[in-house]
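Notes for the one structure printed next.
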Amino acid sequence: MIVLRYVKLPQENFEEFFNSLKRWGKLYAPVKKGDIYSFQNVETLSEIALDYTRTMLPPKKFFVRPKDEMLKLKEGHWEEANGTEPIVLFGVHSCDIHGLEILDKVYLSDPVDPYYKKRRENSIIIGISCMPDEYCFCKSLGTDFAMHGFDLFLHELPDGWLVRVGSVKGHEIAWGSEELFENVTEEDFHHFREFEEKRTNSFKRSLNKEGLADILDLAFDSPVWKKYERICLGCGNCNMVCPTCRCYEVCDLWINAYEAVRVRRYDSCFMETHGLVAGGHNFRPTRLDRFRHRYYCKNYFDPESGFNCVGCGRCDEFCPAKIEHVKVLDKVREGLQ
Amino acid sequence: MVNIEIEAFTRVEGNGGAEIIIENGEVKDVKLKIFEGPRFFELLTLGRHYWDVPDLEARICAICYLSHSVASVLGIERALGVNVPEEIMLLRELGLLGELIESHALHLYLLVAPDLFGYADAIRMASKHGEVVKEGITIKAFGNYIREILGGREIHGINIKPGGFGRYPTVEELERIERQSEALLRPARRAVNIFAEQEPLGATVQHYIATNGYLYGDKLIAEDGEKFDYLEHIEEKTLPYSFAKQSRYKGNIFMVGALPRVMLKHDMLTPMAKHFYEEHKEKLASGYISFNNLAQAIELLYALEKAKEVAKTLLDKGIEGENVPIEPQEGEGIGYVEAPRGVLVHHYRIDERGNIAYSNITTPTAFNHAIMELSLYEEAKKRYGSSDETTFLQKLEETVRAFDPCISCSVHVVRL
Amino acid sequence: MTFQTHDARILEVKELTSREKLFTLRFVDPEINRKFKYKPGQFVVVDIRGFGEFPISLCSTPTREGYFQLCVRRVGRMTKHMHTLKEGDIVGIRGPYGNGFPMEKMEGSTLILVAGGLGMAPLRSVLWYALDSGKYEKIYLFYGTKAYEDILFRDEVIHLLKHGEDMNCHVKLAYEVESPSCIYLEKGYSPRVCKGVVTDLFRGESFDVENTYALICGPPVMYKFVIKELLDRKLSPGRIYMTLERRMRCGVGKCGHCIVGTSTSIKYVCKDGPVFTYWDALSTRGLI
Amino acid sequence: MMLKLGVFELTGCGGCALNILFLYEKLFDLLEFYEIKEFHMASSFREHDTLDVAIVTGSVSTQRDLNLLHYARNHSNYLIALGTCATHGDVQASVEGKIRDKLEKVYGTKANPMRALDSTPIVQHVAVDYALPGCPYDKDEIYQVLISLAKGIEPPTKDYPVCIECKLNEYECVLVKKEIPCLGPITLGGCNAACIKSGVGCIGCRGPLPKEANPASEFEILKELGYDEEYIRRKFKTFARGELRW
Ligand SMILES: Cc1cc2nc3c(=O)[nH]c(=O)nc-3n(C[C@H](O)[C@H](O)[C@H](O)COP(=O)(O)OP(=O)(O)OC[C@H]3O[C@@H](n4cnc5c(N)ncnc54)[C@H](O)[C@@H]3O)c2cc1C
Ligand code: SF4
Ligand code: SF4
Ligand code: SF4
């Protein structure tokens with residue numbers, strides 16, 4: 001019997017293991033859709049893009065849905081609208097696992113968001129190792145390796161996968177398919193370390209986070225912001241795809257003459273109304289204010305949990321104006337010296 | 001003498017009216033007035049890149065936007081010498097069938113049926129004949145579903161592109177189309193019987209024109225056996241009292257639309273549609289324009305049967321989903337499509353950079369302008385003095401409605 | 001917690017000004033009524049079901065049980081609708097939210113309430129709480145209003161002008177637009193009523209800064225001036241409380257709209273506030 | 001009490017009126033609150049009456065349109081400009097030139113017996129209480145608006161660009177990934193990113209995002225992708241005349 005925190009999944013058992021996960025819930029994994037990747041319901045291993053870079057929407061879409069029905073109005077009263085089903089998220093990258101933990105801090109702190117909590121409890125997270133592309137800078141933020149926040153984490157080996165067990169549920173899953181796993185050998189560890197080393201050396205982008213929070217604060221009036229204000233479209237794409245952006249807007253919609261639903265949807269701090277209050281006063285009246293605000297929010301340094309950015313590179317990949325997160329911060333830093 | 005004015009036709013698309021000129025106690029003349037403002041689509045597209053043009057042309061008309069998109073795409077492709085594979089033509093045909101279903105169902109159930117049942121509109125009619133209205137809405141919604149899938153959305157979708165589509169339908173969507181078209185055949189059959197009861201109204205048509213294929217073609221055909229390009233035998237003239245122009249075929253007034261289609265192309269009809277055509281052959285052949293509605297009902301069946309067939313063919317073959325690459329080049333081309341209301345022509349010349357150098361669009365309601373006017377005249381002459389005023393006006397409106405005129409479209413008949 | 005709201009019945013609607021109405025409410029469920037405890041400075045979220053929610057400060061005092069009051073200014077979609085509601089109508093309520101003023105900590109001290117316009121609403125809660133409990137040394141109310149017609153809780157304010165001194169409550173009023181009613185008031189209560197802005201009311205007053213707290217609520221522009229006045233008198237930033245407003249959807253620190261601050265200091269106005277000290281403002285850019 | 005509703009059609013493609021019929025069963029829902037007093041595409045019934053709500057579609061392109069518009073305004077308490085023709089002028093308003101020259105080009109004569117005018121949006125002629133753009137608008141939007149009004153509350157408005165809805169639906173960004181010109185970033189959302197759903201770029205049919213659009217940057221982005229300036233400029237003004245200025 002294997003009771004280790006590390007086990008090995010030989011390649012020939014991979015598919016069977018994958019199929020066995022369906023027992024635990026509806027299976028979602030990254031698939032290729034045109035030129036992007038997206039977490040979708042999958043049935044077979046062949047549908048999955050195991051070597052994906054990043055999905056357009058991060059896994060937060062399962063916990064705070066892009067459009068999320070909260071309540072249903074029936075005869076003048078709200079009913080809870082949320083159905084939750086057990087899901088298995090297969091193939092989550094380390095940065096996204098960190099992203100979920102940042103969201104947890106918000107949604108699970110008192111008072112707990114009931115929808116988020118229910119969905120979190122009903123999900124299994126299976127991480128997978130990855131190679132960085134030109135957008136990734138997670139290493140510099142320390143989010144390139146997940147120590148917790150997953151149930152199982154699969155690391156690529158030449159002949160299979162080294163599996164880290166990260167939770168009780170992870171143990172249960174491994175236990176349930178015990179016959180598929182083997183003990184990890186010295187050689188496997190060697191390969192694992194080799195992979196990690198290669199990965200570490202593959203990062204093309206890095207963020208200098210030395211004193212970053214203070215530097216940004218000091219650079220409030222930096223001309224760099226103004227330069228980017230002209231380029232930024234204020235389209236909000238960067239917010240939508242960010243694994244740690246969490247602003248939402250609420251609206252009620254009528255589905256027929258007497259029944260309505262209360263829906264929340266992702267919002268973006270780039271919207272003109274985001275900082276508007278009664279009396280017409282706007283706390284972030286210009287695009288400059290909003291642009292800066294996003295950088296402040298992402299680079300807020302919480303001594304307990306670090307930055308609000310996990311370095312996944314999504315905002316860069318999906319910014320139509322090709323604004324680069326790291327570059328903006330570097331420029332702001334330079335501007336100060 | 002007092003002229004009678006029909007201020008604005010109701011239950012038709014767009015803004016138009018008529019003036020009946022009375023002299024010595026007799027109907028002397030009728031003027032069909034189109035006062036929908038001109039929108040200058042030909043000027044709008046001039047100098048634009050061909051890729052964007054179908055999306056703009058779709059805006060000519062909401063009821064038959066997809067016909068405009070397809071006609072535009074066909075004209076552009078011919079100008080650029082592009083040949084698309086059968087799959088893409090089949091998908092376009094499916095879109096056109098959806099539009100036929102949507103448009104005919106709208107017209108028959110919501111706009112004409114109230115006349116037959118004696119109501120001001122379908123909403124009021126629904127209280128007593130809810131079943132009929134509901135069936136109509138279901139069929140219409142299905143037509144719209146096809147338009148949404150193939151065209152991109154119910155109105156003014158931009159999925160139909162030169163060389164192919166933005167997005168191709170999925171297997172599930174095609175299966176749904178196949179399934180649902182089958183299911184709707186029953187209510188559609190009932191419709192044929194309802195509209196077969198309509199009384200003869202208006203002029204009798206002597207000349208029919210249609211495209212050589214059922215829903216699109218590369219030439220026009222006429223009942224005299226001629227196969228021709230629209231510029232060859234059709235002339236236009238402008239009128240001082242209307243934003244639409246009138247056309248003649250070899251000097252004669254003619255009609256386009258459902259009636260001409262079933263008369264000229266009944267051998268292309270699907271089995272059930274053909275069966276009903278045979279059953280009502282004589283009525284249709286009488287040429288009274290009100291039987292255009294009956295012809296539409298028969299076409300509704302055709303479209304449902306055909307949609308099923310096309311969806312099945314596509315499903316059997318599987319969808320490749322590949323667009324044909326296009327290199328801009330100089331050229332000229334004409335697209336002929338059968339919009340629900342009849343022949344629609346999009347004619348373009350494109351310059352070497354791919355920009356539109358010339359464009360001309362002729363729409364069915366423009367082609368039908370003269371016969372509509374003639375029909376009003378005949379009906380007015382027949383009725384004047386013998387019917388009370390309400391019936392008189394009502395019947396004139398019914399006459400116009402039988403054409404299912406699309407007035408927004410009609411004001412773009414231009415030749416630059 | 002859920003985002004469910006509880007039925008509350010409108011017991012009374014009173015027109016305070018042409019723009020503001022005072023709604024007196026009670027939860028339909030007596031159990032919820034009993035459990036509903038709040039502090040001055042906290043707010044609730046009002047739910048017009050099927051149309052939306054909006055945050056409103058509690059302007060009544062927890063010392064008077066069985067009902068609560070909301071003073072609503074008509075500014076837009078939801079508040080306009082709220083103004084059409086009548087006695088007996090039901091709205092949804094969730095809350096109370098926010099930190100509220102530290103009433104217990106301030107016991108035995110002098111309170112200076114500085115209100116501008118609608119800022120009177122949350123401070124009225126403090127005022128009545130302080131008067132009811134009798135645990136505060138002295139209460140100042142400095143109230144700046146545009147015109148006589150805009151004075152919120154006018155009867156109460158005038159009553160306190162007249163009789164407040166007996167309760168250790170010192171009320172002062174500054175108005176901007178002259179009118180016969182104002183001049184009449186000024187005649188009767190000069191110099192406590194005068195033409196000017198709220199900071200003018202500080203003139204001639206001195207406080208024991210070791211034993212005084214200032215509580216401020218008003219339009220965004222007001223804070224800087226009032227704070228300057230207080231700092232000039234050497235009131236410690238820690239003794240200056242202000243309640244702030246930001247757009248908010250959830251009221252509980254999730255929806256992100258009310259986030260303020262920079263990379264060194266992010267705060268949620270709804271749950272870290274809406275009551276902040278001036279220290280917070282100094283360390284959180286953009287708070288005021 | 002039932003509210004009185006009128007639907008008026010000025011010059012346009014008829015789609016905005018038609019789209020109301022496309023509400024299907026939801027239309028019957030609305031009839032729980034509204035009586036239709038005027039809707040010439042759908043009904044021969046017409047009653048000259050003061051309306052609680054008037055919906056005006058189409059642009060002002062003839063003297064008759066203008067008269068009808070004034071009639072609608074003068075006989076209604078709440079007027080909704082529905083569709084891009086009514087709110088921004090749509091494609092017909094972007095055709096350049098003076099009316100008589102245009103007539104001459106198309107009809108061969110400068111004569112203007114039917115009194116055509118240069119197309120303009122209705123918002124340019126009368127005060128409107130609510131403007132809902134879209135060519136055509138999203139039909140659920142008008143449903144929400146009419147339900148809100150029926151229940152006595154101002155309808156909500158949208159304030160975000162098409163990109164937001166594009167992402168909410170997780171459509172592949174065609175601008176970034178396919179270099180297709182997409183006006184999503186500067187166009188008011190509300191259509192559920194219909195065009196991008198089809199894998200093509202937003203053509204801007206809902207008009208510019210009010211206040212905060214950044215057309216200058218969008219212009220540069222498209223230029224960078226190799227589109228020529230004239231092409232981009234025409235694309236920008238297709239639906240909203242010259243509103244996108246920078
Ligand atoms: C903690 C707090 C306490 C408040 N207390 C009171 C009070 O006691 N009395 C009172 O009349 N008002 C109070 N407000 C303001 C009140 O919430 C807004 O006036 C209300 O939400 C406007 O909604 P609306 O639908 O009528 O306006 P809208 O039609 O949505 O917009 C009108 C204006 O109100 C602003 N606005 C919209 N939503 C909010 C929001 N959630 N928060 C702030 N501004 C918003 C808009 O930006 C716009 O400028 C308080 C706000 C906060 C945050
Ligand atoms: S995605 Fe880029 S252009 Fe859009 S708001 Fe973010 S930074 Fe600005
Ligand atoms: S495809 Fe267009 S609308 Fe969608 S995100 Fe990209 S730029 Fe925005
Ligand atoms: S994506 Fe743009 S053009 Fe397409 S429907 Fe939406 S607003 Fe209109």
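Labels for the structure tokens follow display order: chains A, B, ..., residues from 1 in each chain, ligands from 1.
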Those of region 18-80 of chain A in DSSP strand (DSSP E or B), formatted as a CSV table (one decimal) with N, CA, C and O atoms, in the first residue's frame:
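The result, stored in states39.csv:
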```
chain,number,residue,atom,x,y,z
A,26,LYS,N,-18.1,16.2,-12.5
A,26,LYS,CA,-18.0,16.5,-13.9
A,26,LYS,C,-16.6,17.0,-14.2
A,26,LYS,O,-16.0,17.9,-13.5
A,27,LEU,N,-16.0,16.5,-15.3
A,27,LEU,CA,-14.6,16.7,-15.5
A,27,LEU,C,-14.4,17.9,-16.5
A,27,LEU,O,-14.9,18.0,-17.5
A,28,TYR,N,-13.6,18.9,-16.0
A,28,TYR,CA,-13.2,20.0,-16.9
A,28,TYR,C,-11.7,20.1,-17.0
A,28,TYR,O,-11.0,19.9,-16.1
A,29,ALA,N,-11.3,20.4,-18.3
A,29,ALA,CA,-9.9,20.5,-18.5
A,29,ALA,C,-9.6,21.5,-19.7
A,29,ALA,O,-10.6,21.8,-20.4
A,30,PRO,N,-8.4,22.0,-19.8
A,30,PRO,CA,-8.1,23.0,-20.9
A,30,PRO,C,-8.2,22.3,-22.2
A,30,PRO,O,-7.6,21.3,-22.5
A,31,VAL,N,-9.0,23.0,-23.1
A,31,VAL,CA,-9.0,22.5,-24.5
A,31,VAL,C,-8.7,23.7,-25.4
A,31,VAL,O,-8.9,24.8,-25.0
A,32,LYS,N,-8.3,23.4,-26.6
A,32,LYS,CA,-8.0,24.5,-27.6
A,32,LYS,C,-9.3,24.9,-28.3
A,32,LYS,O,-10.0,24.1,-28.8
A,33,LYS,N,-9.5,26.2,-28.3
A,33,LYS,CA,-10.7,26.7,-29.0
A,33,LYS,C,-10.1,27.8,-29.9
A,33,LYS,O,-9.8,28.9,-29.4
A,36,ILE,N,-7.2,30.1,-28.7
A,36,ILE,CA,-7.1,30.3,-27.2
A,36,ILE,C,-7.4,28.9,-26.6
A,36,ILE,O,-7.8,28.0,-27.2
A,37,TYR,N,-7.1,28.9,-25.3
A,37,TYR,CA,-7.4,27.7,-24.5
A,37,TYR,C,-8.6,28.1,-23.5
A,37,TYR,O,-8.7,29.2,-23.1
A,38,SER,N,-9.3,27.0,-23.2
A,38,SER,CA,-10.4,27.3,-22.3
A,38,SER,C,-10.7,26.0,-21.5
A,38,SER,O,-10.6,24.9,-22.0
A,39,PHE,N,-11.1,26.2,-20.2
A,39,PHE,CA,-11.5,25.0,-19.5
A,39,PHE,C,-12.9,24.6,-19.9
A,39,PHE,O,-13.9,25.4,-19.9
A,40,GLN,N,-13.0,23.4,-20.4
A,40,GLN,CA,-14.3,22.9,-20.9
A,40,GLN,C,-14.6,21.5,-20.4
A,40,GLN,O,-13.6,20.8,-20.0
A,41,ASN,N,-15.8,21.2,-20.4
A,41,ASN,CA,-16.2,19.8,-20.0
A,41,ASN,C,-15.6,18.8,-21.0
A,41,ASN,O,-15.7,19.1,-22.2
A,55,THR,N,-5.4,29.4,-20.1
A,55,THR,CA,-6.7,29.5,-20.6
A,55,THR,C,-7.0,31.0,-20.6
A,55,THR,O,-6.4,31.8,-19.9
A,67,LYS,N,-21.3,35.2,-15.5
A,67,LYS,CA,-22.6,35.6,-15.3
A,67,LYS,C,-23.2,34.6,-14.3
A,67,LYS,O,-23.3,33.5,-14.6
A,68,ASP,N,-23.6,35.1,-13.2
A,68,ASP,CA,-23.9,34.2,-12.1
A,68,ASP,C,-25.3,34.5,-11.5
A,68,ASP,O,-25.5,35.6,-10.9
A,69,GLU,N,-26.2,33.6,-11.7
A,69,GLU,CA,-27.5,33.8,-11.0
A,69,GLU,C,-27.4,33.6,-9.6
A,69,GLU,O,-27.0,32.5,-9.1
A,70,MET,N,-27.8,34.6,-8.8
A,70,MET,CA,-27.7,34.4,-7.3
A,70,MET,C,-29.1,34.1,-6.8
A,70,MET,O,-29.2,33.2,-5.9
A,71,LEU,N,-30.1,34.8,-7.2
A,71,LEU,CA,-31.4,34.7,-6.6
A,71,LEU,C,-32.5,34.7,-7.6
A,71,LEU,O,-32.3,35.3,-8.7
A,72,LYS,N,-33.6,34.0,-7.3
A,72,LYS,CA,-34.7,34.0,-8.3
A,72,LYS,C,-35.9,34.6,-7.5
A,72,LYS,O,-36.2,34.2,-6.4
A,73,LEU,N,-36.6,35.5,-8.2
A,73,LEU,CA,-37.7,36.2,-7.6
A,73,LEU,C,-39.0,35.4,-7.9
A,73,LEU,O,-39.3,35.3,-9.1
A,74,LYS,N,-39.6,34.9,-6.9
A,74,LYS,CA,-40.9,34.2,-7.2
A,74,LYS,C,-41.9,34.8,-6.2
A,74,LYS,O,-41.7,34.7,-5.0
A,77,HIS,N,-40.6,37.1,-3.5
A,77,HIS,CA,-39.5,36.7,-2.6
A,77,HIS,C,-38.4,36.0,-3.4
A,77,HIS,O,-38.6,35.4,-4.4
A,78,TRP,N,-37.2,36.2,-2.8
A,78,TRP,CA,-36.0,35.6,-3.5
A,78,TRP,C,-35.9,34.1,-3.0
A,78,TRP,O,-36.1,33.8,-1.9
A,79,GLU,N,-35.5,33.3,-4.0
A,79,GLU,CA,-35.1,32.0,-3.7
A,79,GLU,C,-33.7,31.8,-4.1
A,79,GLU,O,-33.3,32.4,-5.1
A,80,GLU,N,-33.0,31.0,-3.5
A,80,GLU,CA,-31.6,30.7,-3.9
A,80,GLU,C,-31.6,30.1,-5.2
A,80,GLU,O,-32.3,29.1,-5.4
```
- Mind checking which residues fall within 7 Å of region 178-194 of chain B, counting only C-alpha atoms, ignoring those fewer than 5 positions away in the same chain, and posting them as an MDAnalysis selection string? chainID B and resid 135 139 294 297:298 300:301 304:305 307:308 311:312
With a cut-off of 9 Å, could you pull out the residues of chain B touching ligand 4 and give me the nearest pair of atoms for each, distance in Å to one decimal, using only C-alpha atoms and all ligand atoms, ordered by chain and ascending number, as CSV?
```
residue,atom,partner,partner_atom_place_in_ligand_line,distance
B:Arg153,CA,ligand 4,5 (S),8.6
B:His156,CA,ligand 4,5 (S),8.3
B:Gly157,CA,ligand 4,5 (S),7.7
B:Ile158,CA,ligand 4,4 (Fe),7.7
```
Could you take the residues named above and write them with C-alpha atoms, as a PDB file, in the first residue's frame?
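Contents of result25.pdb, as written:
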```pdb
ATOM      1  CA  ARG B 153     -28.239  36.532 -35.346  1.00  0.00           C
ATOM      2  CA  HIS B 156     -28.469  41.669 -39.380  1.00  0.00           C
ATOM      3  CA  GLY B 157     -26.107  38.902 -38.494  1.00  0.00           C
ATOM      4  CA  ILE B 158     -22.667  39.233 -40.025  1.00  0.00           C
TER       5      ILE B 158
END
```
- Contacts of ligand 3, 9 Å or closer, only C-alpha atoms and all ligand atoms, given as a PyMOL selection string: (chain A and resi 235-237+318-320) or (chain D and resi 161-167+170-178+180-187+189+193+195-197+199-202)
- Task: Could I get the residue neighbourhood of ligand 1 at 6 Å, counting only C-alpha atoms and all ligand atoms, as a ChimeraX atom specification?
- Result: /A:276-280 /C:43,54-57,71-73,75-80,121,245-249,274
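Of the residues under consideration (A:Leu336, A:Cys238, A:Ala257, A:Val310), A:Cys238 shows the shortest atom-to-atom contact distance to ligand 2 when counting only C-alpha atoms and all ligand atoms.
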- Which residues sit within 10 Å of ligand 2, counting only C-alpha atoms and all ligand atoms, listed as number ranges by chain? A: 228-241, 268-271, 287, 290-292, 294-295, 314-325, 328; D: 163-164, 185, 214, 217-218
- Message: Could you work out which residues of chain D fall inside 12 Å of chain C? Count only C-alpha atoms, and format the result as a ChimeraX atom specification.
- Response: /D:144-145,147-149,151-157
- Message: Here is a test: counting only C-alpha atoms, which residue of A:Lys22, A:Lys117, A:Lys331, A:Lys139 is nearest to Phe203 (chain A)?
- Response: A:Lys139
